[in-house]
Every structure is written in C-alpha cells, then in structure tokens.
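Below is my_file17.cif, holding mmCIF, C-alpha atoms and all ligand atoms.
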```
data_work
loop_
_atom_site.label_atom_id
_atom_site.label_comp_id
_atom_site.auth_asym_id
_atom_site.auth_seq_id
_atom_site.Cartn_x
_atom_site.Cartn_y
_atom_site.Cartn_z
CA MET M 1 9.65 11.71 -14.98
CA ARG M 2 11.43 9.02 -13.00
CA SER M 3 9.18 6.36 -11.51
CA ALA M 4 8.86 5.78 -7.80
CA LEU M 5 8.23 2.11 -8.51
CA GLU M 6 8.99 -0.10 -11.51
CA LEU M 7 8.30 -3.77 -12.03
CA HIS M 8 10.00 -5.37 -15.03
CA GLN M 9 8.61 -8.72 -16.16
CA VAL M 10 8.09 -9.88 -12.60
CA THR M 11 7.16 -13.50 -11.96
CA ARG M 12 6.56 -14.97 -8.51
CA PHE M 13 6.20 -18.71 -8.34
CA HIS M 14 5.01 -20.61 -5.26
CA GLY M 15 5.92 -24.27 -4.86
CA PRO M 16 7.58 -26.66 -7.33
CA LYS M 17 7.53 -25.64 -11.01
CA SER M 18 5.44 -28.65 -12.10
CA THR M 19 2.60 -28.30 -9.58
CA GLY M 20 3.09 -24.78 -8.21
CA VAL M 21 1.22 -21.53 -8.71
CA ALA M 22 2.41 -18.47 -10.62
CA ALA M 23 1.02 -15.81 -8.27
CA LEU M 24 2.54 -13.20 -10.61
CA ASP M 25 3.24 -13.93 -14.25
CA ASP M 26 5.35 -11.52 -16.31
CA VAL M 27 4.01 -8.32 -14.74
CA SER M 28 5.51 -4.99 -15.82
CA LEU M 29 4.33 -1.77 -14.22
CA SER M 30 5.54 1.77 -13.69
CA CYS M 31 4.20 4.14 -11.01
CA PRO M 32 5.42 7.74 -11.54
CA HIS M 33 6.26 9.91 -8.52
CA GLY M 34 3.26 11.66 -7.05
CA THR M 35 0.65 9.29 -8.47
CA TRP M 36 -1.84 6.95 -6.85
CA THR M 37 -2.25 3.48 -8.33
CA ALA M 38 -4.94 0.99 -7.32
CA ILE M 39 -4.52 -2.76 -7.86
CA MET M 40 -7.69 -4.74 -8.46
CA GLY M 41 -8.64 -8.23 -9.55
CA PRO M 42 -10.59 -11.30 -8.49
CA SER M 43 -9.67 -13.22 -5.34
CA GLY M 44 -6.38 -15.06 -5.83
CA SER M 45 -5.35 -12.96 -8.84
CA GLY M 46 -2.05 -11.89 -7.23
CA LYS M 47 -2.80 -8.46 -5.73
CA SER M 48 -1.19 -9.06 -2.33
CA THR M 49 1.75 -10.82 -3.94
CA LEU M 50 2.32 -7.81 -6.19
CA LEU M 51 2.18 -5.42 -3.22
CA HIS M 52 4.57 -7.59 -1.20
CA CYS M 53 7.07 -8.00 -4.05
CA ALA M 54 6.95 -4.27 -4.83
CA ALA M 55 7.56 -3.34 -1.18
CA GLY M 56 10.45 -5.76 -0.68
CA LEU M 57 8.44 -7.99 1.68
CA ASP M 58 8.61 -10.92 -0.77
CA GLN M 59 11.26 -11.97 -3.31
CA VAL M 60 10.44 -12.32 -7.00
CA THR M 61 11.26 -15.53 -8.86
CA SER M 62 12.36 -13.62 -11.96
CA GLY M 63 12.21 -10.07 -13.27
CA ARG M 64 13.26 -6.86 -11.52
CA VAL M 65 11.80 -4.48 -8.95
CA VAL M 66 13.13 -0.92 -8.81
CA LEU M 67 11.94 1.10 -5.81
CA ALA M 68 12.82 4.79 -5.47
CA GLY M 69 15.50 4.38 -8.13
CA ARG M 70 17.08 1.38 -6.46
CA ASP M 71 17.04 -2.16 -7.84
CA ILE M 72 15.88 -4.23 -4.84
CA THR M 73 15.51 -7.54 -6.70
CA THR M 74 18.54 -9.19 -5.18
CA ALA M 75 19.10 -6.85 -2.25
CA PRO M 76 20.28 -8.59 0.93
CA ASP M 77 18.01 -8.72 3.99
CA SER M 78 19.89 -5.92 5.73
CA VAL M 79 19.18 -3.54 2.81
CA LEU M 80 15.54 -4.61 2.66
CA THR M 81 15.10 -4.03 6.39
CA GLU M 82 16.55 -0.54 6.04
CA LEU M 83 14.33 0.09 3.04
CA ARG M 84 11.21 -0.95 4.93
CA ARG M 85 12.10 1.44 7.70
CA ARG M 86 13.00 4.48 5.63
CA THR M 87 11.77 4.22 2.04
CA VAL M 88 8.34 2.66 2.28
CA GLY M 89 5.32 3.08 4.51
CA PHE M 90 2.52 0.58 5.10
CA VAL M 91 -1.14 0.99 5.92
CA PHE M 92 -3.23 -2.13 6.52
CA GLN M 93 -6.94 -2.82 6.78
CA ASN M 94 -6.86 -3.41 10.52
CA PHE M 95 -4.76 -0.41 11.55
CA ASN M 96 -2.31 -2.54 13.62
CA LEU M 97 -2.01 0.06 16.39
CA ILE M 98 -0.69 -0.86 19.82
CA SER M 99 -3.61 -0.61 22.22
CA SER M 100 -1.62 0.42 25.30
CA LEU M 101 0.06 3.36 23.54
CA THR M 102 -1.36 6.81 22.82
CA ALA M 103 -1.75 8.08 19.24
CA GLU M 104 1.50 10.05 19.58
CA GLN M 105 3.35 7.03 20.94
CA ASN M 106 1.97 4.81 18.18
CA VAL M 107 3.20 7.25 15.55
CA ALA M 108 6.69 7.47 17.08
CA PHE M 109 7.08 3.80 18.02
CA PRO M 110 8.33 2.18 14.74
CA ALA M 111 10.77 5.03 14.12
CA LYS M 112 12.15 4.65 17.66
CA LEU M 113 12.39 0.90 17.18
CA ALA M 114 14.43 1.53 14.04
CA GLY M 115 16.73 3.89 15.91
CA VAL M 116 15.46 6.94 13.99
CA ARG M 117 15.10 10.09 16.08
CA VAL M 118 11.73 11.75 15.79
CA SER M 119 10.95 14.85 17.80
CA ARG M 120 7.65 15.44 19.60
CA ASN M 121 7.13 18.26 17.14
CA ASP M 122 7.49 15.92 14.16
CA VAL M 123 4.90 13.61 15.70
CA ARG M 124 2.49 16.47 16.38
CA GLU M 125 2.96 17.85 12.90
CA VAL M 126 2.16 14.56 11.21
CA LEU M 127 -0.88 14.00 13.46
CA ALA M 128 -2.07 17.52 12.64
CA ALA M 129 -1.67 16.73 8.94
CA VAL M 130 -4.17 13.88 9.29
CA GLY M 131 -6.57 16.10 11.25
CA LEU M 132 -5.84 14.66 14.70
CA ALA M 133 -3.96 17.51 16.35
CA ASP M 134 -6.18 17.26 19.42
CA ARG M 135 -6.11 13.45 19.76
CA GLY M 136 -2.41 12.79 20.38
CA GLY M 137 -3.01 11.64 23.95
CA HIS M 138 -5.84 9.23 23.11
CA ARG M 139 -5.44 5.47 23.04
CA PRO M 140 -6.82 3.48 20.06
CA ARG M 141 -9.98 2.38 21.94
CA GLU M 142 -10.81 6.05 22.51
CA LEU M 143 -10.73 6.72 18.75
CA SER M 144 -13.14 5.83 15.95
CA GLY M 145 -12.08 3.39 13.22
CA GLY M 146 -11.47 6.25 10.81
CA GLN M 147 -9.39 8.11 13.38
CA GLN M 148 -7.37 4.97 14.10
CA GLN M 149 -6.64 4.56 10.41
CA ARG M 150 -5.54 8.20 10.26
CA VAL M 151 -3.12 7.50 13.14
CA ALA M 152 -1.81 4.53 11.12
CA ILE M 153 -1.34 6.82 8.10
CA ALA M 154 0.49 9.37 10.27
CA ARG M 155 2.72 6.55 11.55
CA ALA M 156 3.52 5.52 7.97
CA MET M 157 4.18 9.12 6.90
CA ILE M 158 6.56 10.15 9.67
CA SER M 159 9.51 8.59 7.83
CA ARG M 160 8.48 10.47 4.65
CA PRO M 161 8.32 7.29 2.56
CA ALA M 162 8.98 7.38 -1.18
CA VAL M 163 6.03 5.02 -1.61
CA LEU M 164 3.07 4.44 0.69
CA PHE M 165 1.71 0.90 0.27
CA ALA M 166 -1.87 0.39 1.38
CA ASP M 167 -3.72 -2.93 1.62
CA GLU M 168 -7.49 -2.36 1.77
CA PRO M 169 -7.02 0.86 3.80
CA THR M 170 -10.76 1.47 4.07
CA GLY M 171 -11.82 -2.19 4.30
CA ALA M 172 -12.76 -1.97 7.99
CA LEU M 173 -14.38 1.46 7.88
CA ASP M 174 -17.96 2.74 7.52
CA SER M 175 -18.58 4.75 4.38
CA GLY M 176 -18.22 8.17 6.06
CA SER M 177 -14.85 7.31 7.62
CA ALA M 178 -13.74 5.69 4.37
CA ARG M 179 -14.48 8.93 2.53
CA THR M 180 -12.40 10.91 5.05
CA VAL M 181 -9.45 8.54 4.75
CA LEU M 182 -9.63 8.55 0.93
CA GLY M 183 -9.83 12.36 0.95
CA LEU M 184 -6.71 12.42 3.09
CA LEU M 185 -4.81 10.11 0.74
CA ARG M 186 -5.88 12.25 -2.24
CA HIS M 187 -4.70 15.36 -0.41
CA MET M 188 -1.30 13.74 0.26
CA VAL M 189 -0.88 12.94 -3.43
CA ARG M 190 -1.98 16.36 -4.60
CA THR M 191 -0.18 18.61 -2.14
CA ALA M 192 2.86 16.60 -1.03
CA GLY M 193 3.43 14.57 -4.22
CA GLN M 194 3.09 11.33 -2.28
CA THR M 195 3.21 8.12 -4.34
CA ILE M 196 0.61 5.55 -3.27
CA VAL M 197 0.14 1.95 -4.35
CA MET M 198 -3.05 0.43 -2.95
CA VAL M 199 -4.86 -2.91 -3.13
CA THR M 200 -8.63 -2.78 -2.93
CA HIS M 201 -11.71 -4.85 -3.77
CA ASP M 202 -13.97 -1.80 -3.83
CA PRO M 203 -14.54 0.04 -7.15
CA ALA M 204 -15.56 3.21 -5.28
CA VAL M 205 -12.21 3.20 -3.47
CA ALA M 206 -10.22 2.39 -6.62
CA ALA M 207 -11.93 5.28 -8.41
CA GLY M 208 -10.14 7.66 -6.01
CA ALA M 209 -6.80 6.67 -7.57
CA ASP M 210 -5.17 8.14 -10.70
CA SER M 211 -4.91 4.72 -12.36
CA VAL M 212 -6.27 1.24 -11.76
CA ILE M 213 -4.47 -1.88 -12.92
CA PHE M 214 -6.33 -5.18 -13.11
CA LEU M 215 -4.83 -8.61 -12.44
CA ALA M 216 -6.24 -11.99 -13.43
CA ASP M 217 -4.42 -15.27 -12.76
CA GLY M 218 -1.26 -13.34 -11.93
CA ARG M 219 -1.19 -11.39 -15.19
CA LEU M 220 -1.73 -7.68 -15.68
CA VAL M 221 -4.71 -7.74 -18.03
CA ASP M 222 -6.20 -4.26 -18.03
CA ARG M 223 -5.65 -0.65 -16.97
CA LEU M 224 -7.80 2.42 -16.48
CA ASP M 225 -6.50 5.99 -16.16
CA ARG M 226 -8.71 8.62 -14.49
CA PRO M 227 -11.11 5.86 -13.45
CA THR M 228 -14.80 6.27 -12.66
CA VAL M 229 -16.64 3.94 -10.26
CA HIS M 230 -18.81 2.73 -13.12
CA ASP M 231 -15.88 1.86 -15.42
CA VAL M 232 -13.95 0.12 -12.64
CA ALA M 233 -16.98 -1.94 -11.60
CA GLU M 234 -17.65 -2.92 -15.20
CA ARG M 235 -14.06 -4.08 -15.89
CA LEU M 236 -13.93 -5.99 -12.61
CA ALA M 237 -17.25 -7.71 -13.28
CA LYS M 238 -15.90 -8.84 -16.64
CA LEU M 239 -12.86 -10.42 -14.95
CA GLU M 240 -14.97 -12.10 -12.27
CA SER M 241 -17.52 -13.59 -14.69
N1 LIG D 301 2.79 -18.78 0.21
C1 LIG D 301 2.07 -19.27 -0.78
N2 LIG D 301 2.18 -20.56 -1.17
C2 LIG D 301 1.48 -21.06 -2.21
N3 LIG D 301 0.60 -20.33 -2.94
C3 LIG D 301 0.45 -19.03 -2.60
C4 LIG D 301 1.15 -18.44 -1.51
N4 LIG D 301 0.77 -17.13 -1.42
C5 LIG D 301 -0.14 -16.93 -2.40
N5 LIG D 301 -0.32 -18.07 -3.10
C6 LIG D 301 -1.24 -18.24 -4.25
O1 LIG D 301 -0.90 -17.24 -5.20
C7 LIG D 301 -2.09 -16.72 -5.81
C8 LIG D 301 -2.19 -15.22 -5.59
O2 LIG D 301 -2.42 -14.96 -4.21
P1 LIG D 301 -2.63 -13.47 -3.63
O3 LIG D 301 -2.80 -13.58 -2.16
O4 LIG D 301 -1.54 -12.60 -4.14
O5 LIG D 301 -4.01 -13.06 -4.34
P2 LIG D 301 -4.99 -11.82 -4.03
O6 LIG D 301 -5.41 -11.30 -5.35
O7 LIG D 301 -4.34 -10.87 -3.09
O8 LIG D 301 -6.21 -12.55 -3.34
P3 LIG D 301 -7.35 -12.00 -2.31
O9 LIG D 301 -8.10 -10.93 -3.05
O10 LIG D 301 -8.21 -13.22 -2.09
O11 LIG D 301 -6.65 -11.52 -1.08
C9 LIG D 301 -3.25 -17.51 -5.21
O12 LIG D 301 -3.56 -18.57 -6.08
C10 LIG D 301 -2.69 -18.02 -3.90
O13 LIG D 301 -3.34 -19.20 -3.52
#
```
Kindly return the structure encoded in the file as structure tokens.
Amino acid sequence: MRSALELHQVTRFHGPKSTGVAALDDVSLSCPHGTWTAIMGPSGSGKSTLLHCAAGLDQVTSGRVVLAGRDITTAPDSVLTELRRRTVGFVFQNFNLISSLTAEQNVAFPAKLAGVRVSRNDVREVLAAVGLADRGGHRPRELSGGQQQRVAIARAMISRPAVLFADEPTGALDSGSARTVLGLLRHMVRTAGQTIVMVTHDPAVAAGADSVIFLADGRLVDRLDRPTVHDVAERLAKLES
C-alpha cells in the first residue's frame, strides 16, 4: 500500500549549527492511506515541528518529505500554497472559526478564498457528516466547543484532503465533547479511508489512533500499534522521567 505521508531521515535544525537546536533529528516515518497516527512526546520533543514539516508549513534542513505521493522537500512556495489548499486539511486546538460567520460560511470560506467553487450542497453535506445538519445557520458563539470543533473538521474536510493534520484537536474540549470528536475522526478513518496525523499530550486521545509514535529530543524513539491508554501512558511516563 502506498503511504499518504513519508518522512525519510528528516532533520530540522533551528539556529546556527554550533549553538542551535535539532528540533527533529533523523526521523523516518510512514503513514499508510486510511490510517490514524498520533505523535506524542515530552514538551519540546519536536511534535509540532514534525507536524509542520510533514504538512509543508516548515522546511526541513535535510531528508525528504513525500506527501500524497509527491516529494515536497524542495517544492517552491507556490506549490506549497496549492498543496495546503487542496491536499491537506488542518484542525487546531482552538477551532479558529470566524466569529461573524455562520457555520456554513465558515466551512465555505477558505475554499472560496482559494478560488475553489463549493456548492451550498457540498457545505451542507459535510456539515451533515459531522452531525451538524441543523446548525448551518449558527454562529460560533451559538455552538458548544465540541460543535465548533466539528465545524472546523467539516471546514478541513470540504477539500477532501489526502491527509488531515490535527494539533491537539480535543485540547480545549470537555471529556464528553472530546469523545464525540474522537468518535467522528475514527468514523472518518473507518468509513472514508481518511488519513489522519495528530499531535496530542493525552494518552486517552492517542489511544484512539491506529499507531502512536513517540519523540524525545527530536528523535523517534518508540512506537505502539493498536495502542491502549495504559500502554501509551506508561511509555510516555518513561520518556518524561
Ligand atoms: N523557531 C524556532 N527557533 C528555535 N528553536 C525552535 C523553534 N521552534 C522550535 N524550536 C525548538 O525546537 C524544539 C522542538 O520544538 P516543538 O515545538 O516542535 O516541540 P513540541 O514537542 O511540539 O513541544 P510542546 O509539547 O511543548 O508544544 C524545542 O527545543 C524548541 O524550543
């Protein structure tokens, strides 16, 4: 099976070589299509840097990144911009919805900005898929945190991204809403074959994924397939001690 995302010996250095920091150090990783990968590790271990390099938001110092079959390592800005619009989707901790726009308008807005035509039907379909068919006319303040995050997921999904990147997608949610959002992500992987790459600090969230990779000091140091909350928490505690 071809991978949706591949990192080959990726290093990302910040600052001058003598005094700088290797935020990522020789990381190789393959995420097959239709799988959900969680990235964990202590604070400062390189999780966000990995996500940003994988999504084409940051450039690697050495190594290669192949996203949806395309080597993006040395791609020019114009290609990366196009890629961000059409090939990847992003979901962040704080939803990043526009408060003056309705849920439907929020979902359609980035696509419109990118000059991509989306029909009202497309918007309604994707909102229905996240269980918000009856909330399209509501503004963010009229929605719960979990509902706002589901609007953000619908917004990311409308371009049918090859990879959905999520940075602490449940970090701002109560446990009930977090469960709903995680259930939705699981459903997207299982029924639509969506590929997800997610950063989280929470073992219970990581245990929803198919695999968990662990970073420490920029290096990929461990991996769990079919993770349980207990196993994830134990491995993480070992890295943090
Ligand atoms: N722009 C930058 N300039 C210099 N150092 C940086 C820069 N960005 C990140 N770093 C360093 O690279 C390392 C990895 O940072 P990164 O944000 O990827 O870690 P993280 O695992 O996501 O951390 P956290 O869990 O605290 O968000 C850290 O030591 C950080 O200080």
Give the residue list for ligand LIG 301 (chain D) at 12 Å, counting all atoms listed in the file, as a short mmCIF file (atom, residue, chain, number, x, y, z; two decimals) with C-alpha atoms, in the coordinates of the input, sorted by chain and then by residue number.
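Saved result, part_26.cif, follows:
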```
data_model
loop_
_atom_site.label_atom_id
_atom_site.label_comp_id
_atom_site.auth_asym_id
_atom_site.auth_seq_id
_atom_site.Cartn_x
_atom_site.Cartn_y
_atom_site.Cartn_z
CA THR M 11 7.16 -13.50 -11.96
CA ARG M 12 6.56 -14.97 -8.51
CA PHE M 13 6.20 -18.71 -8.34
CA HIS M 14 5.01 -20.61 -5.26
CA GLY M 15 5.92 -24.27 -4.86
CA PRO M 16 7.58 -26.66 -7.33
CA LYS M 17 7.53 -25.64 -11.01
CA THR M 19 2.60 -28.30 -9.58
CA GLY M 20 3.09 -24.78 -8.21
CA VAL M 21 1.22 -21.53 -8.71
CA ALA M 22 2.41 -18.47 -10.62
CA ALA M 23 1.02 -15.81 -8.27
CA LEU M 24 2.54 -13.20 -10.61
CA ASP M 25 3.24 -13.93 -14.25
CA ILE M 39 -4.52 -2.76 -7.86
CA MET M 40 -7.69 -4.74 -8.46
CA GLY M 41 -8.64 -8.23 -9.55
CA PRO M 42 -10.59 -11.30 -8.49
CA SER M 43 -9.67 -13.22 -5.34
CA GLY M 44 -6.38 -15.06 -5.83
CA SER M 45 -5.35 -12.96 -8.84
CA GLY M 46 -2.05 -11.89 -7.23
CA LYS M 47 -2.80 -8.46 -5.73
CA SER M 48 -1.19 -9.06 -2.33
CA THR M 49 1.75 -10.82 -3.94
CA LEU M 50 2.32 -7.81 -6.19
CA LEU M 51 2.18 -5.42 -3.22
CA HIS M 52 4.57 -7.59 -1.20
CA CYS M 53 7.07 -8.00 -4.05
CA ALA M 54 6.95 -4.27 -4.83
CA ASP M 58 8.61 -10.92 -0.77
CA GLN M 59 11.26 -11.97 -3.31
CA GLN M 93 -6.94 -2.82 6.78
CA ASP M 167 -3.72 -2.93 1.62
CA GLU M 168 -7.49 -2.36 1.77
CA GLY M 171 -11.82 -2.19 4.30
CA MET M 198 -3.05 0.43 -2.95
CA VAL M 199 -4.86 -2.91 -3.13
CA THR M 200 -8.63 -2.78 -2.93
CA HIS M 201 -11.71 -4.85 -3.77
CA ASP M 202 -13.97 -1.80 -3.83
CA PHE M 214 -6.33 -5.18 -13.11
CA LEU M 215 -4.83 -8.61 -12.44
CA ALA M 216 -6.24 -11.99 -13.43
CA ASP M 217 -4.42 -15.27 -12.76
CA GLY M 218 -1.26 -13.34 -11.93
CA ARG M 219 -1.19 -11.39 -15.19
CA LEU M 220 -1.73 -7.68 -15.68
CA GLU M 240 -14.97 -12.10 -12.27
#
```
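A straight-line distance of 4.6 Å separates atom CA of M:His8 from atom CA of M:Ser28.
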_atom CA of M:Gly208 to atom CA of M:Val189, straight-line distance in Å_ = 11.0 Å
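Here the question is which of M:Asp222, M:Asp77, M:Glu104, M:Glu234 gets nearest to M:His138 using only C-alpha atoms, and that residue is M:Glu104.
Shortest separation to M:Pro32 among M:Asp225, M:Asp231, M:Glu82, M:Glu6 occurs at residue M:Glu6, atoms counted being all atoms listed in the file.
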*Could you list as a PyMOL selection string every residue that has an atom within 8 Å of (9.1, -5.4, -7.8), using the file's coordinates and counting all atoms listed in the file?*
chain M and resi 5-8+10+50+53-56+60+63-67+72-73
Go ahead and write the selection's residues with C-alpha atoms as a compact mmCIF listing (two decimals), in the frame of the given file.
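selection-v3.txt written:
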```
# COMPACT_ATOMS: atom_id res chain seq x y z
CA LEU M 5 8.23 2.11 -8.51
CA GLU M 6 8.99 -0.10 -11.51
CA LEU M 7 8.30 -3.77 -12.03
CA HIS M 8 10.00 -5.37 -15.03
CA VAL M 10 8.09 -9.88 -12.60
CA LEU M 50 2.32 -7.81 -6.19
CA CYS M 53 7.07 -8.00 -4.05
CA ALA M 54 6.95 -4.27 -4.83
CA ALA M 55 7.56 -3.34 -1.18
CA GLY M 56 10.45 -5.76 -0.68
CA VAL M 60 10.44 -12.32 -7.00
CA GLY M 63 12.21 -10.07 -13.27
CA ARG M 64 13.26 -6.86 -11.52
CA VAL M 65 11.80 -4.48 -8.95
CA VAL M 66 13.13 -0.92 -8.81
CA LEU M 67 11.94 1.10 -5.81
CA ILE M 72 15.88 -4.23 -4.84
CA THR M 73 15.51 -7.54 -6.70
```
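If you look at atom CA of M:Ala172 and atom CA of M:Gln147, they are 11.9 Å away from each other.
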*asked:* So that I can check the surroundings of M:Val126, please list as a VMD selection string every protein, DNA and RNA residue that reaches within 8 Å of it, counting all atoms listed in the file and ignoring chain neighbours fewer than 2 positions away.
replied: chain M and resid 122 to 124 128 to 130 154 157 to 158
Kindly provide, as JSON, the centre and edge lengths (Å, one decimal) of an axis-aligned box around all atoms of stretch 220-227 of chain M given in the file, with 5 Å on each side.
```
{"center_x": -6.4, "center_y": 0.4, "center_z": -15.7, "size_x": 19.4, "size_y": 26.4, "size_z": 14.6}
```
*Select all residues near (8.0, 8.8, 19.7) (cut-off 12 Å, inclusive, file coordinates), counting all atoms listed in the file, and output them as JSON, numbers by chain.*
{"M": [101, 102, 103, 104, 105, 106, 107, 108, 109, 110, 111, 112, 113, 114, 115, 116, 117, 118, 119, 120, 121, 122, 123, 124, 126, 136, 155, 158, 159]}
*Tell me which of M:Ala233, M:Arg226, M:Pro161, M:Gly145 sits closest to M:Arg85, counting all atoms listed in the file.*
M:Pro161
